[in-house]
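Source file target_34.csv; content: CSV, C-alpha atoms.
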```csv
chain,number,residue,atom,x,y,z
A,1393,MET,CA,-12.1,23.9,-10.9
A,1394,THR,CA,-8.5,25.2,-10.7
A,1395,ASP,CA,-7.9,25.6,-6.9
A,1396,HIS,CA,-6.3,22.2,-6.8
A,1397,VAL,CA,-3.1,23.5,-8.5
A,1398,ARG,CA,0.1,23.9,-6.5
A,1399,TYR,CA,3.1,25.9,-7.6
A,1400,GLY,CA,6.8,24.8,-7.6
A,1401,LEU,CA,10.1,26.1,-8.7
A,1402,TYR,CA,12.1,23.8,-11.1
A,1403,LEU,CA,15.8,24.6,-11.6
A,1404,PRO,CA,19.3,23.2,-12.2
A,1405,PRO,CA,22.0,23.2,-9.5
A,1406,PHE,CA,24.6,24.6,-11.8
A,1407,GLY,CA,25.7,27.8,-13.4
A,1408,PRO,CA,24.4,30.8,-11.4
A,1409,PHE,CA,22.7,28.2,-9.1
A,1410,GLY,CA,25.9,26.2,-8.6
A,1411,ASP,CA,26.5,27.6,-5.1
A,1412,PRO,CA,24.6,25.4,-2.6
A,1413,ALA,CA,24.3,28.3,-0.2
A,1414,ALA,CA,22.6,30.3,-2.9
A,1415,LEU,CA,20.1,27.5,-3.5
A,1416,VAL,CA,19.3,27.3,0.2
A,1417,ASP,CA,18.7,31.0,0.2
A,1418,LEU,CA,16.5,30.7,-2.9
A,1419,ALA,CA,14.4,28.0,-1.1
A,1420,VAL,CA,14.0,30.1,2.0
A,1421,ARG,CA,12.8,33.0,-0.1
A,1422,ALA,CA,10.5,30.7,-2.1
A,1423,GLU,CA,8.8,29.5,1.2
A,1424,ALA,CA,8.4,33.2,2.3
A,1425,ALA,CA,6.8,34.0,-1.1
A,1426,SER,CA,4.3,31.1,-0.7
A,1427,TRP,CA,5.7,28.7,-3.3
A,1428,ASP,CA,4.6,25.1,-2.6
A,1429,GLY,CA,7.8,23.4,-3.7
A,1430,VAL,CA,11.4,23.7,-4.8
A,1431,PHE,CA,12.8,21.0,-7.1
A,1432,LEU,CA,16.3,20.6,-8.4
A,1433,TRP,CA,17.6,18.8,-11.5
A,1434,ASP,CA,20.0,16.0,-10.7
A,1435,HIS,CA,23.2,15.9,-12.9
A,1436,VAL,CA,26.9,15.0,-12.5
A,1437,VAL,CA,28.3,16.9,-15.5
A,1438,PRO,CA,27.0,20.5,-15.7
A,1439,ALA,CA,25.9,22.3,-18.8
A,1440,MET,CA,27.5,25.4,-17.2
A,1441,PRO,CA,29.9,25.2,-14.2
A,1442,PRO,CA,30.0,25.3,-11.2
A,1443,ILE,CA,27.7,22.5,-10.0
A,1444,ALA,CA,26.3,21.6,-6.6
A,1445,ASP,CA,25.3,18.1,-5.6
A,1446,THR,CA,21.5,17.9,-5.6
A,1447,TRP,CA,21.0,15.5,-2.7
A,1448,THR,CA,23.4,17.3,-0.3
A,1449,THR,CA,21.7,20.6,-1.2
A,1450,LEU,CA,18.2,19.3,-0.7
A,1451,ALA,CA,19.2,18.1,2.8
A,1452,ALA,CA,20.4,21.7,3.6
A,1453,ILE,CA,17.1,23.0,2.2
A,1454,ALA,CA,15.1,20.6,4.3
A,1455,GLN,CA,16.8,22.0,7.4
A,1456,ALA,CA,16.3,25.6,6.5
A,1457,THR,CA,12.6,25.4,5.5
A,1458,SER,CA,9.5,23.9,7.1
A,1459,THR,CA,6.6,23.9,4.6
A,1460,VAL,CA,7.9,23.7,1.0
A,1461,LEU,CA,7.9,20.3,-0.7
A,1462,LEU,CA,11.2,19.4,-2.2
A,1463,GLY,CA,13.0,16.8,-4.2
A,1464,PRO,CA,15.2,15.9,-7.2
A,1465,MET,CA,13.3,16.5,-10.4
A,1466,VAL,CA,14.5,14.2,-11.8
A,1467,THR,CA,17.0,11.7,-10.6
A,1468,PRO,CA,17.8,8.7,-12.8
A,1469,PRO,CA,17.8,5.4,-10.7
A,1470,SER,CA,19.8,3.9,-13.7
A,1471,ARG,CA,22.8,6.1,-12.7
A,1472,ARG,CA,22.7,5.2,-9.0
A,1473,ARG,CA,23.0,2.0,-6.9
A,1474,PRO,CA,19.3,1.5,-6.0
A,1475,TRP,CA,20.0,0.6,-2.4
A,1476,LEU,CA,21.9,3.8,-1.9
A,1477,LEU,CA,19.2,5.9,-3.6
A,1478,ALA,CA,16.6,4.2,-1.4
A,1479,ARG,CA,18.6,5.2,1.8
A,1480,GLN,CA,19.2,8.7,0.6
A,1481,ALA,CA,15.6,9.3,-0.2
A,1482,ALA,CA,14.4,7.8,3.1
A,1483,THR,CA,16.9,9.9,5.0
A,1484,LEU,CA,15.7,13.1,3.2
A,1485,ALA,CA,12.1,12.2,3.9
A,1486,ARG,CA,12.8,11.9,7.6
A,1487,LEU,CA,14.9,15.0,7.7
A,1488,SER,CA,12.1,17.0,6.0
A,1489,ARG,CA,9.4,15.3,7.9
A,1490,GLY,CA,7.6,13.9,4.9
A,1491,ARG,CA,8.2,16.7,2.4
A,1492,LEU,CA,10.1,14.7,-0.2
A,1493,ILE,CA,8.8,14.0,-3.7
A,1494,LEU,CA,11.1,11.7,-5.7
A,1495,GLY,CA,11.1,12.6,-9.4
A,1496,THR,CA,12.5,9.7,-11.5
A,1497,GLY,CA,13.4,9.2,-15.1
A,1498,ILE,CA,15.7,7.0,-17.1
A,1499,GLY,CA,18.3,9.8,-17.4
A,1500,SER,CA,19.8,11.7,-20.2
A,1501,ASP,CA,23.4,11.6,-21.5
A,1502,GLU,CA,23.2,15.1,-23.0
A,1503,THR,CA,26.1,16.4,-21.0
A,1504,GLY,CA,27.8,13.0,-20.5
A,1505,ASP,CA,26.4,12.0,-17.1
A,1506,PHE,CA,26.7,8.4,-18.2
A,1507,SER,CA,29.3,8.1,-21.1
A,1508,ARG,CA,32.0,10.3,-19.5
A,1509,PHE,CA,32.2,7.7,-16.7
A,1510,GLY,CA,31.9,4.5,-18.8
A,1511,ASP,CA,28.3,3.8,-17.8
A,1512,PRO,CA,25.8,2.4,-20.3
A,1513,SER,CA,23.8,5.2,-21.9
A,1514,ALA,CA,21.5,3.4,-24.4
A,1515,PRO,CA,17.8,4.3,-23.6
A,1516,VAL,CA,16.7,0.6,-23.7
A,1517,GLU,CA,19.4,-0.3,-21.1
A,1518,LEU,CA,18.6,2.7,-18.9
A,1519,SER,CA,14.9,1.9,-19.0
A,1520,SER,CA,15.5,-1.7,-17.9
A,1521,ARG,CA,17.8,-0.6,-15.1
A,1522,THR,CA,15.2,2.0,-13.9
A,1523,ASP,CA,12.4,-0.5,-13.7
A,1524,GLU,CA,14.5,-3.0,-11.8
A,1525,ALA,CA,15.9,-0.3,-9.5
A,1526,MET,CA,12.5,1.0,-8.5
A,1527,GLU,CA,11.3,-2.5,-7.6
A,1528,ILE,CA,14.2,-2.7,-5.2
A,1529,ILE,CA,13.8,0.8,-3.8
A,1530,ARG,CA,10.1,0.4,-3.1
A,1531,ALA,CA,10.7,-3.0,-1.4
A,1532,MET,CA,13.3,-1.4,0.9
A,1533,TRP,CA,11.0,1.5,1.8
A,1534,ALA,CA,8.3,-1.0,2.7
A,1535,GLY,CA,10.7,-3.0,4.9
A,1536,GLU,CA,10.2,-6.2,3.0
A,1537,ALA,CA,12.6,-9.1,3.1
A,1538,LEU,CA,14.3,-9.0,-0.3
A,1539,ARG,CA,15.9,-11.7,-2.3
A,1540,HIS,CA,16.4,-10.2,-5.7
A,1541,GLU,CA,18.3,-11.8,-8.6
A,1542,GLY,CA,17.8,-9.6,-11.6
A,1543,SER,CA,19.4,-8.7,-14.9
A,1544,HIS,CA,21.3,-5.8,-13.3
A,1545,TYR,CA,21.2,-6.1,-9.5
A,1546,ARG,CA,21.4,-8.7,-6.8
A,1547,VAL,CA,20.1,-7.9,-3.3
A,1548,SER,CA,19.7,-9.9,-0.2
A,1549,LEU,CA,18.1,-8.1,2.8
A,1550,ASP,CA,16.1,-9.2,5.8
A,1551,ALA,CA,12.8,-7.6,6.7
A,1552,ALA,CA,12.9,-4.3,8.6
A,1553,ASP,CA,10.5,-1.6,9.8
A,1554,PRO,CA,9.0,0.3,7.0
A,1555,GLU,CA,9.9,3.9,6.5
A,1556,PRO,CA,7.8,6.3,8.6
A,1557,TYR,CA,7.0,8.7,5.8
A,1558,PRO,CA,5.4,7.8,2.4
A,1559,ILE,CA,7.6,8.9,-0.5
A,1560,PRO,CA,5.7,9.9,-3.6
A,1561,VAL,CA,7.4,8.9,-6.9
A,1562,TRP,CA,6.8,10.9,-10.0
A,1563,THR,CA,7.8,9.6,-13.5
A,1564,ALA,CA,9.3,12.1,-16.0
A,1565,SER,CA,8.4,11.4,-19.6
A,1566,THR,CA,10.0,12.8,-22.7
A,1567,THR,CA,8.0,10.4,-24.9
A,1568,GLN,CA,4.7,8.5,-24.8
A,1569,HIS,CA,6.3,5.1,-25.3
A,1570,GLU,CA,4.1,2.3,-23.8
A,1571,ARG,CA,6.8,1.3,-21.3
A,1572,VAL,CA,7.1,4.9,-20.1
A,1573,LEU,CA,3.3,5.2,-19.7
A,1574,ARG,CA,3.2,1.9,-17.7
A,1575,ARG,CA,5.9,3.2,-15.4
A,1576,ALA,CA,4.0,6.5,-15.0
A,1577,ALA,CA,0.7,4.8,-14.3
A,1578,GLY,CA,2.3,2.7,-11.5
A,1579,SER,CA,3.8,5.8,-9.8
A,1580,ASN,CA,2.2,8.7,-7.9
A,1581,GLY,CA,2.5,11.3,-10.7
A,1582,ILE,CA,3.8,12.2,-14.1
A,1583,PHE,CA,6.0,15.0,-15.3
A,1584,PRO,CA,5.9,15.3,-19.1
A,1585,LEU,CA,8.9,17.1,-20.5
A,1586,PRO,CA,8.1,17.5,-24.2
A,1587,GLY,CA,10.6,20.3,-24.8
A,1588,PRO,CA,10.8,24.1,-24.2
A,1589,GLN,CA,7.0,24.5,-24.2
A,1590,PRO,CA,4.5,22.6,-22.2
A,1591,LEU,CA,2.1,20.2,-23.9
A,1592,PRO,CA,-1.0,21.9,-25.2
A,1593,PRO,CA,-4.0,21.4,-23.0
A,1594,ALA,CA,-5.7,18.9,-25.3
A,1595,GLU,CA,-2.6,16.7,-25.5
A,1596,LEU,CA,-2.1,16.9,-21.7
A,1597,ALA,CA,-5.7,15.8,-21.2
A,1598,SER,CA,-5.2,12.8,-23.5
A,1599,LEU,CA,-2.0,11.8,-21.7
A,1600,VAL,CA,-3.6,12.1,-18.3
A,1601,ALA,CA,-6.4,9.9,-19.4
A,1602,ARG,CA,-3.9,7.2,-20.3
A,1603,VAL,CA,-2.0,7.1,-17.1
A,1604,GLN,CA,-4.2,8.4,-14.2
A,1605,PRO,CA,-5.5,5.7,-11.9
A,1606,SER,CA,-9.1,5.8,-10.8
A,1607,ASP,CA,-8.6,4.6,-7.3
A,1608,ARG,CA,-6.0,6.9,-5.8
A,1609,PRO,CA,-4.7,10.5,-5.9
A,1610,TYR,CA,-2.4,11.3,-8.8
A,1611,GLU,CA,-0.2,14.3,-9.6
A,1612,VAL,CA,0.4,15.9,-13.0
A,1613,ALA,CA,3.2,18.4,-13.1
A,1614,VAL,CA,3.8,20.8,-16.0
A,1615,SER,CA,6.8,23.1,-16.4
A,1616,GLY,CA,7.3,26.4,-18.2
A,1617,ASN,CA,7.3,30.2,-17.6
A,1618,ALA,CA,4.1,31.9,-16.5
A,1619,SER,CA,5.2,34.4,-13.9
A,1620,PRO,CA,4.3,38.0,-14.7
A,1621,ALA,CA,7.7,39.0,-13.3
A,1622,TRP,CA,9.5,37.8,-16.4
A,1623,GLU,CA,10.7,40.6,-18.7
A,1624,GLU,CA,8.7,39.0,-21.6
A,1625,PRO,CA,5.0,38.5,-21.1
A,1626,ALA,CA,3.9,34.9,-20.4
A,1627,THR,CA,1.5,33.2,-22.9
A,1628,VAL,CA,0.8,30.0,-21.0
A,1629,ASP,CA,-2.9,29.3,-20.3
A,1630,LEU,CA,-2.7,27.9,-16.8
A,1631,ALA,CA,-6.4,27.7,-16.4
A,1632,ALA,CA,-6.7,25.5,-19.5
A,1633,LEU,CA,-3.9,23.2,-18.3
A,1634,ALA,CA,-5.5,22.9,-14.9
A,1635,GLU,CA,-8.8,21.9,-16.6
A,1636,ALA,CA,-6.8,19.3,-18.6
A,1637,GLY,CA,-5.6,17.7,-15.4
A,1638,MET,CA,-2.5,19.7,-14.3
A,1639,THR,CA,-2.1,19.6,-10.5
A,1640,TRP,CA,1.4,21.3,-10.2
A,1641,TRP,CA,2.7,24.2,-12.2
A,1642,MET,CA,6.6,24.2,-12.2
A,1643,GLU,CA,8.0,27.6,-12.9
A,1644,SER,CA,11.2,26.9,-14.7
A,1645,LEU,CA,14.3,28.8,-13.8
A,1646,ILE,CA,17.3,28.3,-16.2
A,1647,HIS,CA,21.0,28.7,-15.9
A,1648,PHE,CA,21.2,31.1,-18.9
A,1649,ASP,CA,19.5,33.8,-16.8
A,1650,PRO,CA,21.3,35.9,-14.2
A,1651,LEU,CA,20.7,34.9,-10.6
A,1652,ASP,CA,19.1,38.3,-9.8
A,1653,LEU,CA,16.4,37.8,-12.5
A,1654,SER,CA,15.6,34.3,-11.1
A,1655,LEU,CA,15.4,35.7,-7.6
A,1656,LYS,CA,13.0,38.3,-8.8
A,1657,ILE,CA,10.7,35.5,-10.1
A,1658,VAL,CA,11.0,33.7,-6.8
A,1659,ASP,CA,10.2,36.8,-4.7
A,1660,ALA,CA,7.2,37.7,-6.9
A,1661,GLY,CA,5.5,34.5,-5.7
A,1662,PRO,CA,3.5,31.9,-7.8
A,1663,PRO,CA,1.5,33.0,-10.9
A,1664,ARG,CA,-1.8,31.8,-9.4
A,1665,ILE,CA,-4.7,31.1,-11.7
A,1666,GLY,CA,-7.2,34.0,-11.3
A,1667,GLY,CA,-4.8,35.9,-9.2
```
Reformat the file's structure so that it appears as structure tokens.
Amino acid sequence: MTDHVRYGLYLPPFGPFGDPAALVDLAVRAEAASWDGVFLWDHVVPAMPPIADTWTTLAAIAQATSTVLLGPMVTPPSRRRPWLLARQAATLARLSRGRLILGTGIGSDETGDFSRFGDPSAPVELSSRTDEAMEIIRAMWAGEALRHEGSHYRVSLDAADPEPYPIPVWTASTTQHERVLRRAAGSNGIFPLPGPQPLPPAELASLVARVQPSDRPYEVAVSGNASPAWEEPATVDLAALAEAGMTWWMESLIHFDPLDLSLKIVDAGPPRIGG
């Protein structure tokens, strides 16, 4: 069965996408072309200027659209104060009436998002901060009274009403380290990012078997290029990935391509299996 697959766009908010108005227009066009989601990378230092703020842009997209799911894909809780991230996400969930998906990961210092500002960038430190931050964020969404004294954060909050919209959390993974897999298994989905090509179907199936819970829905997102509108023919076997457990195909738009080409991909609509 492959009719469970949904289709999103996955792109950076910099380079040719660095104008927030252009990103809003892209999202409106994506909704009109029947894409199911629009997801933005979350960086501070761009690989190619200019850069737009992901969260501000997503708020504008939420106001300009009505059906597409949206979210940062991915945001590193280790780079943000967790209580601010909790409030930002909850606000965007309300603004979009429940369309937010929060993609999370420990973060990458490839462009200096951490080191250029004097923040810790060692993966073991980022991993520890991410786990502790997510504990705080989930408690705040649930409205729990919170008395937290951790290795990185201290929080004292009284109980409050829980947030009205559930906020699914997906875990990005560039490795299959046990700590990453535990984090993914405790979330609502996994987004493996092995490199420029998606995992082969057999490897994806093995990964899904290690993290997918048996008692609740779980999303598996895979990114790459499968649209027939690209100038080079796509070679990705979407049907095989779907059989391996993929529930979201994320068509990757990249800052190296001109905006006109990316909009051509958007307007062509999703590369549906069997379509």
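Considering all atoms listed in the file, the residue among A:Val1600, A:Val1466, A:Ile1453, A:Ile1528 positioned nearest to Tyr1545 (chain A) is A:Ile1528.
All residues of protein, DNA or RNA that reach within 6 Å of Asp1428 (chain A), judged by all atoms listed in the file and not counting those fewer than 6 positions away in the chain, are A:Tyr1399, A:Gly1400, A:Val1460.
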Could you list, as a PyMOL selection string, every residue within 12 Å of Ile1443 (chain A), counting all atoms listed in the file and ignoring same-chain residues fewer than 5 positions away? chain A and resi 1404-1415+1432-1438+1448-1449+1647
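Each of A:Gly1510, A:Gly1535, A:Gly1497, A:Gly1504 was compared to Ala1551 (chain A) using all atoms listed in the file, and A:Gly1535 turns out to be the nearest.
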Write out as a PDB file with C-alpha atoms, keeping the file's coordinate frame the residues lying within 12 Å of Tyr1402 (chain A), counting all atoms listed in the file and excluding same-chain residues fewer than 2 positions away.
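What ended up in around-v7.pdb:
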```pdb
ATOM      1  CA  TYR A1399       3.100  25.900  -7.600  1.00  0.00           C
ATOM      2  CA  GLY A1400       6.800  24.800  -7.600  1.00  0.00           C
ATOM      3  CA  PRO A1404      19.300  23.200 -12.200  1.00  0.00           C
ATOM      4  CA  PRO A1405      22.000  23.200  -9.500  1.00  0.00           C
ATOM      5  CA  PHE A1409      22.700  28.200  -9.100  1.00  0.00           C
ATOM      6  CA  LEU A1415      20.100  27.500  -3.500  1.00  0.00           C
ATOM      7  CA  LEU A1418      16.500  30.700  -2.900  1.00  0.00           C
ATOM      8  CA  ALA A1419      14.400  28.000  -1.100  1.00  0.00           C
ATOM      9  CA  ALA A1422      10.500  30.700  -2.100  1.00  0.00           C
ATOM     10  CA  TRP A1427       5.700  28.700  -3.300  1.00  0.00           C
ATOM     11  CA  ASP A1428       4.600  25.100  -2.600  1.00  0.00           C
ATOM     12  CA  GLY A1429       7.800  23.400  -3.700  1.00  0.00           C
ATOM     13  CA  VAL A1430      11.400  23.700  -4.800  1.00  0.00           C
ATOM     14  CA  PHE A1431      12.800  21.000  -7.100  1.00  0.00           C
ATOM     15  CA  LEU A1432      16.300  20.600  -8.400  1.00  0.00           C
ATOM     16  CA  TRP A1433      17.600  18.800 -11.500  1.00  0.00           C
ATOM     17  CA  ASP A1434      20.000  16.000 -10.700  1.00  0.00           C
ATOM     18  CA  LEU A1461       7.900  20.300  -0.700  1.00  0.00           C
ATOM     19  CA  LEU A1462      11.200  19.400  -2.200  1.00  0.00           C
ATOM     20  CA  GLY A1463      13.000  16.800  -4.200  1.00  0.00           C
ATOM     21  CA  PRO A1464      15.200  15.900  -7.200  1.00  0.00           C
ATOM     22  CA  MET A1465      13.300  16.500 -10.400  1.00  0.00           C
ATOM     23  CA  VAL A1466      14.500  14.200 -11.800  1.00  0.00           C
ATOM     24  CA  GLY A1495      11.100  12.600  -9.400  1.00  0.00           C
ATOM     25  CA  PHE A1583       6.000  15.000 -15.300  1.00  0.00           C
ATOM     26  CA  LEU A1585       8.900  17.100 -20.500  1.00  0.00           C
ATOM     27  CA  ALA A1613       3.200  18.400 -13.100  1.00  0.00           C
ATOM     28  CA  VAL A1614       3.800  20.800 -16.000  1.00  0.00           C
ATOM     29  CA  SER A1615       6.800  23.100 -16.400  1.00  0.00           C
ATOM     30  CA  GLY A1616       7.300  26.400 -18.200  1.00  0.00           C
ATOM     31  CA  ASN A1617       7.300  30.200 -17.600  1.00  0.00           C
ATOM     32  CA  TRP A1640       1.400  21.300 -10.200  1.00  0.00           C
ATOM     33  CA  TRP A1641       2.700  24.200 -12.200  1.00  0.00           C
ATOM     34  CA  MET A1642       6.600  24.200 -12.200  1.00  0.00           C
ATOM     35  CA  GLU A1643       8.000  27.600 -12.900  1.00  0.00           C
ATOM     36  CA  SER A1644      11.200  26.900 -14.700  1.00  0.00           C
ATOM     37  CA  LEU A1645      14.300  28.800 -13.800  1.00  0.00           C
ATOM     38  CA  ILE A1646      17.300  28.300 -16.200  1.00  0.00           C
ATOM     39  CA  HIS A1647      21.000  28.700 -15.900  1.00  0.00           C
ATOM     40  CA  SER A1654      15.600  34.300 -11.100  1.00  0.00           C
ATOM     41  CA  ILE A1657      10.700  35.500 -10.100  1.00  0.00           C
ATOM     42  CA  VAL A1658      11.000  33.700  -6.800  1.00  0.00           C
TER      43      VAL A1658
END
```
When you look at region 1569-1573 of chain A with a cut-off of 9 Å (counting only C-alpha atoms), what residues show up, excluding the ones that are within fewer than 2 positions of it in the same chain? I need them as a PyMOL selection string. chain A and resi 1519+1563-1567+1575-1578+1582+1599+1602-1603
Just the residues within 10 Å of Glu1611 (chain A), please, counting all atoms listed in the file, with nothing from its chain fewer than 5 positions along; format it as a PyMOL selection string. chain A and resi 1397+1560-1562+1579-1583+1600+1604+1637-1640
So how many Å separate CA of Pro1442 (chain A) and CA of Ala1454 (chain A), to one decimal? 22.0 Å
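Atom pair CA of Pro1558 (chain A) / CA of Ser1488 (chain A) has a distance of 11.9 Å (rounded to one decimal).
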